[in-house]
Amino acid sequence: MSSLIKSSIARKLVMALSGLFLVLFLALHVTINLTSVISPDTFNQWSHFMGYNGLVQYIMQPVLIIGVIVHFVMGIVLEFQNMQARSIKYTKFKGAANAPWVSRNMIITGLVVLAFLGLHFYDFWIHEMTYKYIEANPEDPTRYYTETVEKFAPMWRTLLYVVSFGLLSLHLWHGFASSFQSMGLNNKYTPSIKSFTKIYAVVIPLVFVFIAIYHHLNPITH
């Protein structure tokens, strides 16, 4: 078991499974966030449920945080392992002739996405914990829409979100499809799976970008 955990194959499998878990979370997250554009009342209801439901708070939320940590730690470990394994260096850089830019720079896009997640946690999760447990404010099921829109009022924050979602798209473009390959799934459905992952890698970040820009252009006037 110890040898399995230390093996490159095991690390890649853990990386793939944690990545797929985060992909599912992204789908849920973008669905909830999109309601802030379509129906603020629905967004408030869903956000309040996610913020006060015991299953979400004490099981799903810790699992999500662990999943993020595991995915990025495994990514850094694998990148370091690959660097050590390269005993023969390229005598001349040939760009995409060696490998696509995205696959060669997954660690860069991953670290930028991780930094963005830090900002996102600060903007929303830390604020939520402060509101509920430090300030001990009473429940207010109608506050979430206003708080979300106000976060996108500054131009710099909106631009930062847009750029981060663009890098997330690049990360998903290679990483999502690679997750299935790392799990050994190679059959007649592989072309369809790859097509789906490419569509997902473009559409999901674009929806997030749309939400950020929409709220920036439609601020709440008091």
# chains A, B, ... in the order shown; residues from 1 in each chain; ligands from 1
$ select_by_dssp --residues "region 145-219 of chain A" --states "helix (DSSP H, G or I)" --output "PyMOL selection string"
chain A and resi 145-151+155-182+190-217
$ residues_around --residues "Ser195 (chain A)" --least-positions-apart "4" --cutoff "12 Å" --atoms "only C-alpha atoms" --output "PDB file with C-alpha atoms, in the first residue's frame"
ATOM      1  CA  TRP A 173      -8.928  22.436 -21.513  1.00  0.00           C
ATOM      2  CA  HIS A 174      -6.076  20.039 -20.836  1.00  0.00           C
ATOM      3  CA  PHE A 176     -10.363  17.694 -17.637  1.00  0.00           C
ATOM      4  CA  ALA A 177      -9.646  15.362 -20.557  1.00  0.00           C
ATOM      5  CA  TYR A 189     -16.595   6.854 -26.091  1.00  0.00           C
ATOM      6  CA  THR A 190     -13.217   8.587 -25.720  1.00  0.00           C
ATOM      7  CA  PRO A 191     -13.713  11.029 -28.665  1.00  0.00           C
ATOM      8  CA  ILE A 199     -16.992  22.341 -24.499  1.00  0.00           C
ATOM      9  CA  TYR A 200     -17.122  22.346 -20.703  1.00  0.00           C
ATOM     10  CA  ALA A 201     -13.714  24.062 -20.487  1.00  0.00           C
ATOM     11  CA  VAL A 202     -15.014  26.934 -22.612  1.00  0.00           C
TER      12      VAL A 202
END
$ residues_around --residues "region 123-136 of chain A" --least-positions-apart "3" --cutoff "9 Å" --atoms "only C-alpha atoms" --output "list in words"
Gly51, Gly118, Leu119, His120, Glu139, Glu147, Thr148 and Lys151 of chain A
$ write_last_selection --atoms "C-alpha atoms" --output "short mmCIF file (atom, residue, chain, number, x, y, z; two decimals), in the first residue's frame"
data_model
loop_
_atom_site.label_atom_id
_atom_site.label_comp_id
_atom_site.auth_asym_id
_atom_site.auth_seq_id
_atom_site.Cartn_x
_atom_site.Cartn_y
_atom_site.Cartn_z
CA GLY A 51 -24.98 28.72 3.97
CA GLY A 118 -7.68 32.48 -2.34
CA LEU A 119 -9.28 35.80 -3.37
CA HIS A 120 -12.63 34.07 -3.89
CA GLU A 139 -29.99 35.05 9.69
CA GLU A 147 -23.42 41.21 -1.20
CA THR A 148 -22.54 39.42 -4.45
CA LYS A 151 -18.25 42.55 -4.83
#
$ atom_distance --atom1 "CA of Ala115 (chain A)" --atom2 "CA of Tyr52 (chain A)"
26.6 Å
$ closest_residue --among "A:Val207, A:Leu114, A:Ala212, A:Leu20" --to "Trp156 (chain A)" --atoms "only C-alpha atoms"
A:Ala212
$ residues_around --residues "Val30 (chain A)" --least-positions-apart "4" --cutoff "12 Å" --atoms "only C-alpha atoms" --output "MDAnalysis selection string"
chainID A and resid 23:26 34:37 43 165 200 203:212
$ write_last_selection --atoms "C-alpha atoms" --output "compact mmCIF listing (two decimals), in the first residue's frame"
# COMPACT_ATOMS: atom_id res chain seq x y z
CA VAL A 23 -15.28 19.94 -11.95
CA LEU A 24 -18.59 18.75 -10.48
CA PHE A 25 -18.41 21.52 -7.88
CA LEU A 26 -17.84 24.10 -10.64
CA LEU A 34 -26.35 32.12 -12.72
CA THR A 35 -29.60 32.48 -10.80
CA SER A 36 -28.25 35.81 -9.49
CA VAL A 37 -28.73 37.11 -13.05
CA PHE A 43 -30.26 33.09 -5.72
CA PHE A 165 -11.61 32.46 -15.39
CA TYR A 200 -17.12 22.35 -20.70
CA VAL A 203 -18.67 27.28 -21.59
CA ILE A 204 -18.38 27.13 -17.77
CA PRO A 205 -15.68 29.84 -17.45
CA LEU A 206 -17.54 31.98 -20.00
CA VAL A 207 -20.70 31.83 -17.89
CA PHE A 208 -18.69 32.90 -14.83
CA VAL A 209 -17.22 35.78 -16.86
CA PHE A 210 -20.70 36.80 -18.02
CA ILE A 211 -21.98 36.84 -14.42
CA ALA A 212 -19.07 39.00 -13.22
$ atom_distance --atom1 "CA of Lys12 (chain A)" --atom2 "CA of His29 (chain A)"
25.2 Å
$ residues_around --residues "region 142-145 of chain A" --least-positions-apart "5" --cutoff "9 Å" --atoms "only C-alpha atoms" --output "PyMOL selection string"
chain A and resi 36+40-41+43-45+47-48+150
$ residues_around --residues "Ile76 (chain A)" --least-positions-apart "2" --cutoff "12 Å" --atoms "only C-alpha atoms" --output "ChimeraX atom specification"
/A:11-12,15,69-74,78-83,105-111,114
$ write_last_selection --atoms "C-alpha atoms" --output "mmCIF file, in the first residue's frame"
data_model
loop_
_atom_site.group_PDB
_atom_site.id
_atom_site.type_symbol
_atom_site.label_atom_id
_atom_site.label_comp_id
_atom_site.auth_asym_id
_atom_site.auth_seq_id
_atom_site.Cartn_x
_atom_site.Cartn_y
_atom_site.Cartn_z
ATOM 1 C CA ARG A 11 -0.520 10.272 -7.567
ATOM 2 C CA LYS A 12 -1.962 10.800 -11.044
ATOM 3 C CA MET A 15 -4.967 14.086 -9.058
ATOM 4 C CA ILE A 69 -5.774 21.122 -1.242
ATOM 5 C CA VAL A 70 -5.213 17.550 -2.455
ATOM 6 C CA HIS A 71 -5.575 18.496 -6.123
ATOM 7 C CA PHE A 72 -3.083 21.334 -6.045
ATOM 8 C CA VAL A 73 -0.609 19.572 -3.750
ATOM 9 C CA MET A 74 -0.612 16.545 -6.053
ATOM 10 C CA LEU A 78 3.882 15.640 -9.924
ATOM 11 C CA GLU A 79 5.439 18.699 -11.543
ATOM 12 C CA PHE A 80 8.456 18.456 -9.240
ATOM 13 C CA GLN A 81 8.708 14.741 -9.978
ATOM 14 C CA ASN A 82 8.598 15.401 -13.725
ATOM 15 C CA MET A 83 11.317 18.043 -13.439
ATOM 16 C CA ASN A 105 2.234 25.074 -18.305
ATOM 17 C CA MET A 106 -0.421 23.362 -16.207
ATOM 18 C CA ILE A 107 1.516 24.237 -13.055
ATOM 19 C CA ILE A 108 1.441 27.954 -13.996
ATOM 20 C CA THR A 109 -2.268 28.085 -14.794
ATOM 21 C CA GLY A 110 -2.942 25.927 -11.738
ATOM 22 C CA LEU A 111 -1.058 28.241 -9.370
ATOM 23 C CA LEU A 114 -5.167 28.671 -6.790
#
$ closest_residue --among "A:Phe152, A:Phe121, A:Phe196, A:Tyr58" --to "Ile213 (chain A)" --atoms "only C-alpha atoms"
A:Phe152
$ atom_distance --atom1 "CA of Phe180 (chain A)" --atom2 "CA of Gly67 (chain A)"
17.3 Å
